[in-house]
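Chemist: This is query_30.tsv (TSV, C-alpha atoms).
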```
chain	number	residue	atom	x	y	z
A	260	MET	CA	79.35	35.69	0.39
A	261	ARG	CA	80.40	38.16	3.09
A	262	LYS	CA	83.30	40.59	2.80
A	263	PHE	CA	85.78	40.26	5.68
A	264	LEU	CA	88.49	42.77	6.49
A	265	PHE	CA	91.30	41.81	8.87
A	266	ILE	CA	93.23	44.73	10.33
A	267	MET	CA	96.81	43.73	11.13
A	268	ARG	CA	98.18	46.07	13.79
A	269	TYR	CA	100.95	44.16	15.57
A	270	SER	CA	104.65	43.76	14.80
A	271	PRO	CA	105.70	40.28	13.61
A	272	TRP	CA	107.38	39.28	16.90
A	273	PRO	CA	107.69	38.54	19.77
A	274	GLY	CA	103.94	38.01	19.79
A	275	VAL	CA	101.90	35.24	18.22
A	276	ILE	CA	99.03	37.56	17.29
A	277	PRO	CA	99.92	38.23	13.60
A	278	GLY	CA	100.11	34.49	12.92
A	279	GLU	CA	96.81	33.93	14.69
A	280	CYS	CA	95.18	36.69	12.61
A	281	LEU	CA	96.37	35.00	9.42
A	282	ASP	CA	94.97	31.66	10.68
A	283	MET	CA	91.64	33.36	11.12
A	284	ALA	CA	91.77	34.98	7.67
A	285	MET	CA	92.63	31.68	6.00
A	286	THR	CA	89.86	29.83	7.86
A	287	VAL	CA	87.29	32.35	6.68
A	288	ALA	CA	88.66	32.17	3.13
A	289	ALA	CA	88.35	28.37	3.25
A	290	PHE	CA	84.63	28.92	3.83
A	291	ASP	CA	84.48	30.77	0.47
A	292	GLN	CA	84.21	34.27	1.90
A	293	ALA	CA	85.92	37.33	0.42
A	294	VAL	CA	88.93	38.30	2.56
A	295	SER	CA	91.04	41.48	2.51
A	296	LEU	CA	93.90	42.46	4.81
A	297	LEU	CA	94.76	45.98	5.96
A	298	PHE	CA	98.15	46.66	7.55
A	299	LEU	CA	98.18	49.54	10.01
A	300	ASP	CA	100.46	50.88	12.76
A	301	ASP	CA	103.20	48.36	13.73
A	302	GLY	CA	101.45	45.80	11.51
A	303	VAL	CA	103.27	47.29	8.49
A	304	LEU	CA	106.51	45.82	9.90
A	305	GLN	CA	105.17	42.38	8.97
A	306	LEU	CA	105.72	43.33	5.33
A	307	GLN	CA	109.36	44.33	5.59
A	308	THR	CA	111.83	42.31	3.54
A	309	GLY	CA	115.10	40.90	4.88
A	310	GLN	CA	113.93	40.31	8.43
A	311	ILE	CA	116.23	38.20	10.58
A	312	PRO	CA	114.49	37.57	13.89
A	313	PRO	CA	116.38	36.45	17.02
A	314	ALA	CA	116.82	32.67	17.10
A	315	ARG	CA	114.11	32.05	19.66
A	316	TYR	CA	111.49	33.63	17.39
A	317	ARG	CA	112.51	31.84	14.19
A	318	GLY	CA	109.49	29.54	14.34
A	319	ARG	CA	107.23	32.54	14.10
A	320	VAL	CA	108.46	33.88	10.78
A	321	LEU	CA	105.41	34.33	8.63
A	322	ASN	CA	107.01	34.25	5.16
A	323	PRO	CA	105.78	30.72	4.30
A	324	VAL	CA	102.29	31.80	5.31
A	325	TRP	CA	102.41	34.78	2.96
A	326	ASP	CA	103.04	32.43	0.06
A	327	ALA	CA	100.00	30.37	1.07
A	328	LEU	CA	97.65	33.35	0.99
A	329	GLU	CA	97.25	33.21	-2.77
A	330	LEU	CA	96.16	29.57	-2.56
A	331	TYR	CA	93.33	30.79	-0.34
A	332	ASP	CA	92.44	33.57	-2.80
A	333	ILE	CA	93.49	36.25	-0.33
A	334	THR	CA	94.91	38.69	-2.85
A	335	THR	CA	93.55	42.05	-1.69
A	336	LEU	CA	96.14	43.54	0.62
A	337	TRP	CA	96.17	47.18	1.73
A	338	VAL	CA	98.84	49.09	3.60
A	339	GLU	CA	98.45	52.53	5.12
A	340	GLN	CA	100.93	55.04	3.68
A	341	GLU	CA	101.28	57.08	6.87
A	342	SER	CA	102.15	54.01	8.99
A	343	LEU	CA	104.86	53.08	6.47
A	344	ARG	CA	106.28	56.58	6.44
A	345	GLN	CA	106.33	56.89	10.24
A	346	ARG	CA	108.44	53.71	10.43
A	347	GLY	CA	110.75	54.70	7.59
A	348	LEU	CA	109.66	51.87	5.31
A	349	ASP	CA	109.74	52.09	1.54
A	350	ALA	CA	106.55	50.92	-0.18
A	351	THR	CA	108.52	49.60	-3.15
A	352	ARG	CA	110.55	47.22	-0.97
A	353	LEU	CA	107.80	45.27	0.77
A	354	LEU	CA	107.42	41.48	0.74
A	355	ARG	CA	104.78	41.51	-1.96
A	356	PRO	CA	102.92	43.93	-4.18
A	357	ILE	CA	100.38	45.71	-2.08
A	358	GLN	CA	97.92	48.55	-2.53
A	359	LEU	CA	98.63	51.81	-0.74
A	360	ILE	CA	95.87	53.63	1.06
A	361	ARG	CA	95.93	57.06	2.67
A	362	ARG	CA	94.77	57.44	6.29
A	363	PRO	CA	91.71	59.60	5.41
A	364	ASP	CA	90.49	56.82	3.10
A	365	VAL	CA	90.68	54.04	5.73
A	366	PRO	CA	87.17	54.65	7.19
A	367	ASP	CA	85.63	54.18	3.72
A	368	LEU	CA	87.57	50.95	3.24
A	369	ILE	CA	86.32	49.66	6.60
A	370	ALA	CA	82.75	50.72	5.81
A	371	ALA	CA	82.85	48.77	2.55
A	372	HIS	CA	83.22	45.44	4.42
A	373	ASP	CA	80.59	43.36	6.23
A	374	ARG	CA	82.82	41.97	8.99
A	375	VAL	CA	85.84	43.79	10.38
A	376	VAL	CA	88.27	41.98	12.67
A	377	SER	CA	91.07	43.84	14.41
A	378	GLY	CA	94.09	42.03	15.81
B	76	MET	CA	69.71	41.40	16.53
B	77	LYS	CA	71.88	38.29	16.40
B	78	TYR	CA	75.42	38.88	17.66
B	79	ALA	CA	78.65	36.96	17.31
B	80	ILE	CA	81.08	38.14	19.98
B	81	GLN	CA	84.87	37.89	19.90
B	82	VAL	CA	86.99	38.70	22.97
B	83	ASN	CA	90.66	39.33	22.17
B	84	CYS	CA	92.18	40.53	25.43
B	85	GLY	CA	92.89	38.96	28.78
B	86	PHE	CA	91.87	40.36	32.15
B	87	THR	CA	95.40	41.30	33.22
B	88	ARG	CA	95.84	44.02	30.61
B	89	SER	CA	92.49	45.75	30.44
B	90	MET	CA	88.94	45.86	31.73
B	91	LEU	CA	87.52	44.99	28.29
B	92	PRO	CA	86.49	41.46	29.34
B	93	VAL	CA	84.32	43.05	32.05
B	94	THR	CA	82.79	45.38	29.45
B	95	ALA	CA	82.19	42.41	27.15
B	96	CYS	CA	80.51	40.48	29.93
B	97	ARG	CA	78.20	43.36	30.79
B	98	PHE	CA	77.40	44.03	27.14
B	99	ILE	CA	76.45	40.41	26.55
B	100	GLU	CA	74.16	40.34	29.58
B	101	ALA	CA	72.50	43.64	28.59
B	102	ALA	CA	72.07	42.47	24.99
B	103	LEU	CA	70.45	39.22	26.10
B	104	GLU	CA	68.20	41.00	28.59
B	105	GLY	CA	67.20	43.34	25.75
B	106	GLY	CA	65.88	40.41	23.74
B	107	ASN	CA	68.88	39.99	21.43
B	108	GLU	CA	70.56	36.72	20.62
B	109	VAL	CA	74.22	35.88	21.18
B	110	ILE	CA	75.12	32.99	18.91
B	111	ARG	CA	78.51	32.34	20.44
B	112	VAL	CA	81.29	34.07	22.37
B	113	PHE	CA	84.68	33.21	20.90
B	114	PHE	CA	87.84	33.93	22.89
B	115	TYR	CA	90.93	34.49	20.73
B	116	HIS	CA	94.49	35.79	21.20
B	117	ASP	CA	95.05	36.66	24.89
B	118	GLY	CA	91.29	36.50	25.38
B	119	VAL	CA	91.62	32.78	26.11
B	120	TRP	CA	92.96	33.68	29.58
B	121	ASN	CA	89.40	34.66	30.54
B	122	GLY	CA	88.46	31.00	30.72
B	123	VAL	CA	91.05	30.18	33.35
B	124	ALA	CA	89.88	29.63	36.91
B	125	CYS	CA	92.01	31.94	39.06
B	126	PRO	CA	91.21	34.43	41.83
B	127	GLN	CA	92.46	37.43	39.82
B	128	ASN	CA	89.88	36.90	37.08
B	129	PRO	CA	87.31	39.69	37.62
B	130	CYS	CA	84.64	37.81	35.68
B	131	ALA	CA	85.28	34.39	37.28
B	132	GLU	CA	81.67	34.32	38.45
B	133	ASP	CA	80.06	36.31	35.62
B	134	TRP	CA	81.02	34.10	32.68
B	135	PRO	CA	79.73	30.85	34.26
B	136	ARG	CA	76.54	32.69	35.28
B	137	LEU	CA	76.00	33.89	31.67
B	138	ALA	CA	76.55	30.37	30.40
B	139	GLU	CA	74.14	28.86	32.89
B	140	ARG	CA	71.38	31.45	32.85
B	141	TYR	CA	71.29	32.26	29.13
B	142	ARG	CA	72.87	29.10	27.69
B	143	VAL	CA	75.55	31.22	25.98
B	144	GLU	CA	78.26	29.17	24.31
B	145	LEU	CA	81.71	30.26	25.56
B	146	VAL	CA	84.42	28.89	23.27
B	147	LEU	CA	88.16	29.27	23.86
B	148	CYS	CA	90.20	28.87	20.68
B	149	VAL	CA	92.15	25.65	21.11
B	150	THR	CA	95.15	26.85	19.06
B	151	ALA	CA	95.39	30.15	20.96
B	152	CYS	CA	95.29	28.10	24.19
B	153	GLU	CA	98.14	25.90	22.98
B	154	ASN	CA	100.17	28.95	21.92
B	155	ARG	CA	99.92	30.20	25.51
B	156	GLY	CA	100.59	26.93	27.29
B	157	LEU	CA	96.98	26.39	28.37
B	158	THR	CA	96.84	22.65	28.06
B	159	GLY	CA	94.38	19.99	29.16
B	160	ALA	CA	95.79	20.27	32.66
B	161	THR	CA	94.57	23.87	33.03
B	162	THR	CA	91.42	24.27	35.10
B	163	LEU	CA	88.78	26.06	33.08
B	164	LEU	CA	85.80	27.89	34.54
B	165	PRO	CA	82.44	26.11	34.28
B	166	GLY	CA	80.63	26.93	31.04
B	167	PHE	CA	83.78	27.24	28.91
B	168	CYS	CA	84.81	24.77	26.26
B	169	GLN	CA	87.58	24.65	23.66
B	170	GLY	CA	86.95	24.74	19.94
B	171	GLY	CA	88.39	25.66	16.58
B	172	LEU	CA	88.12	28.64	14.24
B	173	GLY	CA	85.35	26.88	12.33
B	174	LEU	CA	83.02	27.65	15.24
B	175	TRP	CA	83.98	31.32	15.04
B	176	THR	CA	83.40	31.43	11.27
B	177	ASP	CA	80.06	29.71	11.71
B	178	ALA	CA	78.99	32.31	14.31
B	179	CYS	CA	80.19	35.17	12.06
B	180	LEU	CA	78.20	33.94	9.10
B	181	ARG	CA	74.99	33.33	11.06
B	182	ALA	CA	75.08	36.62	12.98
B	183	ASP	CA	73.76	39.99	11.90
B	184	ARG	CA	76.74	41.62	13.52
B	185	LEU	CA	80.20	40.64	14.71
B	186	LEU	CA	81.41	42.54	17.76
B	187	VAL	CA	85.14	42.36	18.58
B	188	PHE	CA	86.39	43.39	22.01
B	189	ALA	CA	90.05	44.20	21.33
B	190	ASP	CA	92.53	46.69	22.75
```
Could the structure of this file be written out as C-alpha cells, please?

Modeler:
Amino acid sequence: MRKFLFIMRYSPWPGVIPGECLDMAMTVAAFDQAVSLLFLDDGVLQLQTGQIPPARYRGRVLNPVWDALELYDITTLWVEQESLRQRGLDATRLLRPIQLIRRPDVPDLIAAHDRVVSG
Amino acid sequence: MKYAIQVNCGFTRSMLPVTACRFIEAALEGGNEVIRVFFYHDGVWNGVACPQNPCAEDWPRLAERYRVELVLCVTACENRGLTGATTLLPGFCQGGLGLWTDACLRADRLLVFAD
C-alpha cells in the first residue's frame, strides 16, 4: 500500500479543479491505497460552512462529496493554520473535524508520503 | 527509474507543458522509462490540435518515437467541453483515472507538472 497526499490549493468555485482532485483521491482510495488530504492557500475555503454559491455554480458544491469521503476511508484531513488565519476562517467552524498543521511542519508531512499530488 | 507523469496545466497559461515535454524526452534518452503521461485539469488542452499549441509537433513525436502513452482524462475533457468532435493530436487518447492510478502504482516516482 502506498501513501498518497493530495494538496488542495484552489477555492471551491468557479473552477472544477477541487472536484477533480477529490475524484482522483477517491479513485486511488478505491484501489486500497492510503489517502490523506492537505488544504493549503485558497483550498481552505473549501472547508467553510454556510457557503451559498451563485446559482450557476450550484452544481459544483462539494458537500455531498465530503460525506462520501468516509465511505472511501479518506479520514485523514489536514489544514494549514496560517492559510486559515490569513483568510479569517475559524478552525472550529469548518465543515468537518480536521487536524491543524503549522506551516513549518508541512514539509515533514509531505516527506512522509510516497506520492504527492498538487491541484 | 520508472516515471509516471501528470500534466495539470494547459499551454495558454504557462510554459510548463513545454518543460514537461523536454523532461520526458531527456528522461527517455537517459535510459529511464515513462509508463504513461496523464493529462488532468487544464492539462487536457495539450491534446487539442490547434496552431497555438507550442508542443503540437513534440507530443506526437514523443508518442511515435518512444511509444509513450499520452492519456487525456475523459472526465476533465467533458468538464471543459472537449467532446468527441474535438480534433486531438496524433498519439493522444482518452482514458479514465484508473489508468493514472495504475501508472502511479507501477512507477518508482510520480512527477506532477502543475502551476

Chemist: Taking all atoms of segment 92-111 of chain B that appear in the file, build a box with edges along x, y and z, extend it by 6 Å on every side, and state its centre and edge lengths in Å to one decimal, as AutoDock Vina command-line options.

Modeler:
```
--center_x 76.2 --center_y 38.9 --center_z 25.5 --size_x 32.6 --size_y 25.0 --size_z 25.1
```

Chemist: Looking at all atoms listed in the file, which of A:Ala350, A:Leu328, A:Cys280, A:Met267 is the one that sits closest to chain B?

Modeler: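 Closest to chain B of all the choices is A:Cys280.
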
Chemist: Rounded to one decimal place, report the atom CA of Lys77 of chain B-atom CA of Lys262 of chain A distance in Å.

Modeler: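 So the two atoms, atom CA of Lys77 of chain B and atom CA of Lys262 of chain A, lie 17.9 Å apart.
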
Chemist: Could you check which of B:Gln127, B:Gln169, B:Thr150, B:Asn107 is closest to chain A, using all atoms listed in the file?

Modeler: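 Under the stated criterion, the closest residue is B:Thr150.
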
Chemist: Could you give me, as a tab-separated table, every chain B residue with an atom at most 8 Å from chain A, plus its closest atom pair and distance in Å to one decimal, counting all atoms listed in the file, rows ordered by chain then number?

Modeler:
```
residue	atom	partner	partner_atom	distance
B:Asn83	CA	A:Gly378	CA	7.7
B:His116	CA	A:Ile276	CA	6.2
B:Ala151	CA	A:Glu279	CA	7.5
B:Asn154	CA	A:Val275	CA	7.5
B:Leu172	CA	A:Met283	CA	6.7
B:Gly173	CA	A:Thr286	CA	7.0
B:Thr176	CA	A:Val287	CA	6.1
B:Cys179	CA	A:Arg374	CA	7.9
B:Leu180	CA	A:Arg261	CA	7.7
B:Arg184	CA	A:Arg374	CA	7.6
B:Leu185	CA	A:Arg374	CA	6.4
B:Val187	CA	A:Val376	CA	6.7
B:Ala189	CA	A:Ser377	CA	7.0
```

Chemist: Counting only C-alpha atoms, what is within 7 Å of Phe114 of chain B, bar same-chain residues fewer than 5 positions away, as a PyMOL selection string?

Modeler: chain B and resi 81-83+119+146-148

Chemist: Please compute the atom CA of Met76 of chain B-atom CA of Val365 of chain A distance, one decimal, in Å.

Modeler: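 For atom CA of Met76 of chain B relative to atom CA of Val365 of chain A, the distance reads 26.8 Å.
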
Chemist: Expressed in Å to a single decimal, how great is the separation between atom CA of Tyr141 of chain B and atom CA of Val112 of chain B?

Modeler: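 These atoms are spaced 12.2 Å apart.
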
Chemist: Residues near Arg352 of chain A, anyone? I mean within 12 Å using all atoms listed in the file, not counting same-chain ones fewer than 2 positions away, as a PyMOL selection string.

Modeler: chain A and resi 303-304+306-309+343+347-350+354-357

Chemist: Take the structure in the block and write a file for segment 326-348 of chain A, N, CA, C and O atoms, as a PDB file, in the first residue's frame.

Modeler:
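This is the output file part25.pdb:
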```pdb
ATOM      1  N   ASP A 326     -19.271  14.008   2.310  1.00  0.00           N
ATOM      2  CA  ASP A 326     -19.882  12.931   3.082  1.00  0.00           C
ATOM      3  C   ASP A 326     -19.438  11.570   2.569  1.00  0.00           C
ATOM      4  O   ASP A 326     -19.403  10.595   3.314  1.00  0.00           O
ATOM      5  N   ALA A 327     -19.109  11.504   1.256  1.00  0.00           N
ATOM      6  CA  ALA A 327     -18.718  10.219   0.674  1.00  0.00           C
ATOM      7  C   ALA A 327     -17.287   9.828   1.054  1.00  0.00           C
ATOM      8  O   ALA A 327     -16.925   8.655   0.980  1.00  0.00           O
ATOM      9  N   LEU A 328     -16.493  10.807   1.482  1.00  0.00           N
ATOM     10  CA  LEU A 328     -15.082  10.501   1.728  1.00  0.00           C
ATOM     11  C   LEU A 328     -14.887   9.385   2.753  1.00  0.00           C
ATOM     12  O   LEU A 328     -14.011   8.544   2.606  1.00  0.00           O
ATOM     13  N   GLU A 329     -15.747   9.399   3.781  1.00  0.00           N
ATOM     14  CA  GLU A 329     -15.584   8.384   4.826  1.00  0.00           C
ATOM     15  C   GLU A 329     -15.836   6.985   4.291  1.00  0.00           C
ATOM     16  O   GLU A 329     -15.196   6.026   4.718  1.00  0.00           O
ATOM     17  N   LEU A 330     -16.773   6.884   3.324  1.00  0.00           N
ATOM     18  CA  LEU A 330     -17.038   5.577   2.717  1.00  0.00           C
ATOM     19  C   LEU A 330     -15.790   5.044   2.025  1.00  0.00           C
ATOM     20  O   LEU A 330     -15.600   3.841   1.885  1.00  0.00           O
ATOM     21  N   TYR A 331     -14.959   5.960   1.561  1.00  0.00           N
ATOM     22  CA  TYR A 331     -13.726   5.563   0.867  1.00  0.00           C
ATOM     23  C   TYR A 331     -12.535   5.485   1.836  1.00  0.00           C
ATOM     24  O   TYR A 331     -11.393   5.410   1.411  1.00  0.00           O
ATOM     25  N   ASP A 332     -12.819   5.562   3.121  1.00  0.00           N
ATOM     26  CA  ASP A 332     -11.761   5.526   4.142  1.00  0.00           C
ATOM     27  C   ASP A 332     -10.776   6.679   4.022  1.00  0.00           C
ATOM     28  O   ASP A 332      -9.600   6.536   4.352  1.00  0.00           O
ATOM     29  N   ILE A 333     -11.241   7.811   3.498  1.00  0.00           N
ATOM     30  CA  ILE A 333     -10.380   9.001   3.479  1.00  0.00           C
ATOM     31  C   ILE A 333     -10.729   9.809   4.720  1.00  0.00           C
ATOM     32  O   ILE A 333     -11.678  10.583   4.729  1.00  0.00           O
ATOM     33  N   THR A 334     -10.005   9.565   5.800  1.00  0.00           N
ATOM     34  CA  THR A 334     -10.369  10.205   7.062  1.00  0.00           C
ATOM     35  C   THR A 334      -9.264  11.126   7.586  1.00  0.00           C
ATOM     36  O   THR A 334      -9.465  11.829   8.556  1.00  0.00           O
ATOM     37  N   THR A 335      -8.094  11.092   6.944  1.00  0.00           N
ATOM     38  CA  THR A 335      -7.002  11.939   7.411  1.00  0.00           C
ATOM     39  C   THR A 335      -6.987  13.240   6.625  1.00  0.00           C
ATOM     40  O   THR A 335      -6.584  13.273   5.474  1.00  0.00           O
ATOM     41  N   LEU A 336      -7.510  14.279   7.243  1.00  0.00           N
ATOM     42  CA  LEU A 336      -7.553  15.583   6.602  1.00  0.00           C
ATOM     43  C   LEU A 336      -6.731  16.574   7.420  1.00  0.00           C
ATOM     44  O   LEU A 336      -6.851  16.638   8.641  1.00  0.00           O
ATOM     45  N   TRP A 337      -5.889  17.352   6.712  1.00  0.00           N
ATOM     46  CA  TRP A 337      -5.059  18.349   7.373  1.00  0.00           C
ATOM     47  C   TRP A 337      -5.405  19.724   6.814  1.00  0.00           C
ATOM     48  O   TRP A 337      -5.687  19.858   5.626  1.00  0.00           O
ATOM     49  N   VAL A 338      -5.329  20.727   7.659  1.00  0.00           N
ATOM     50  CA  VAL A 338      -5.492  22.099   7.159  1.00  0.00           C
ATOM     51  C   VAL A 338      -4.380  22.956   7.761  1.00  0.00           C
ATOM     52  O   VAL A 338      -4.019  22.810   8.930  1.00  0.00           O
ATOM     53  N   GLU A 339      -3.835  23.831   6.937  1.00  0.00           N
ATOM     54  CA  GLU A 339      -2.732  24.661   7.412  1.00  0.00           C
ATOM     55  C   GLU A 339      -3.269  25.866   8.167  1.00  0.00           C
ATOM     56  O   GLU A 339      -4.086  26.631   7.655  1.00  0.00           O
ATOM     57  N   GLN A 340      -2.781  26.022   9.405  1.00  0.00           N
ATOM     58  CA  GLN A 340      -3.263  27.099  10.297  1.00  0.00           C
ATOM     59  C   GLN A 340      -3.094  28.487   9.683  1.00  0.00           C
ATOM     60  O   GLN A 340      -3.992  29.312   9.741  1.00  0.00           O
ATOM     61  N   GLU A 341      -1.926  28.726   9.105  1.00  0.00           N
ATOM     62  CA  GLU A 341      -1.627  30.066   8.575  1.00  0.00           C
ATOM     63  C   GLU A 341      -2.576  30.434   7.439  1.00  0.00           C
ATOM     64  O   GLU A 341      -3.012  31.583   7.335  1.00  0.00           O
ATOM     65  N   SER A 342      -2.906  29.454   6.561  1.00  0.00           N
ATOM     66  CA  SER A 342      -3.826  29.746   5.453  1.00  0.00           C
ATOM     67  C   SER A 342      -5.203  30.115   5.989  1.00  0.00           C
ATOM     68  O   SER A 342      -5.875  31.003   5.472  1.00  0.00           O
ATOM     69  N   LEU A 343      -5.634  29.413   7.051  1.00  0.00           N
ATOM     70  CA  LEU A 343      -6.926  29.718   7.683  1.00  0.00           C
ATOM     71  C   LEU A 343      -6.916  31.140   8.223  1.00  0.00           C
ATOM     72  O   LEU A 343      -7.840  31.928   7.998  1.00  0.00           O
ATOM     73  N   ARG A 344      -5.839  31.452   8.954  1.00  0.00           N
ATOM     74  CA  ARG A 344      -5.773  32.744   9.631  1.00  0.00           C
ATOM     75  C   ARG A 344      -5.753  33.887   8.610  1.00  0.00           C
ATOM     76  O   ARG A 344      -6.437  34.899   8.769  1.00  0.00           O
ATOM     77  N   GLN A 345      -4.995  33.702   7.522  1.00  0.00           N
ATOM     78  CA  GLN A 345      -4.896  34.754   6.511  1.00  0.00           C
ATOM     79  C   GLN A 345      -6.249  35.045   5.863  1.00  0.00           C
ATOM     80  O   GLN A 345      -6.479  36.133   5.347  1.00  0.00           O
ATOM     81  N   ARG A 346      -7.137  34.057   5.860  1.00  0.00           N
ATOM     82  CA  ARG A 346      -8.453  34.250   5.232  1.00  0.00           C
ATOM     83  C   ARG A 346      -9.547  34.476   6.274  1.00  0.00           C
ATOM     84  O   ARG A 346     -10.734  34.451   5.944  1.00  0.00           O
ATOM     85  N   GLY A 347      -9.136  34.660   7.519  1.00  0.00           N
ATOM     86  CA  GLY A 347     -10.097  34.984   8.572  1.00  0.00           C
ATOM     87  C   GLY A 347     -11.052  33.859   8.908  1.00  0.00           C
ATOM     88  O   GLY A 347     -12.179  34.103   9.343  1.00  0.00           O
ATOM     89  N   LEU A 348     -10.632  32.612   8.690  1.00  0.00           N
ATOM     90  CA  LEU A 348     -11.513  31.484   8.992  1.00  0.00           C
ATOM     91  C   LEU A 348     -11.203  30.929  10.382  1.00  0.00           C
ATOM     92  O   LEU A 348     -10.062  30.943  10.832  1.00  0.00           O
TER      93      LEU A 348
END
```
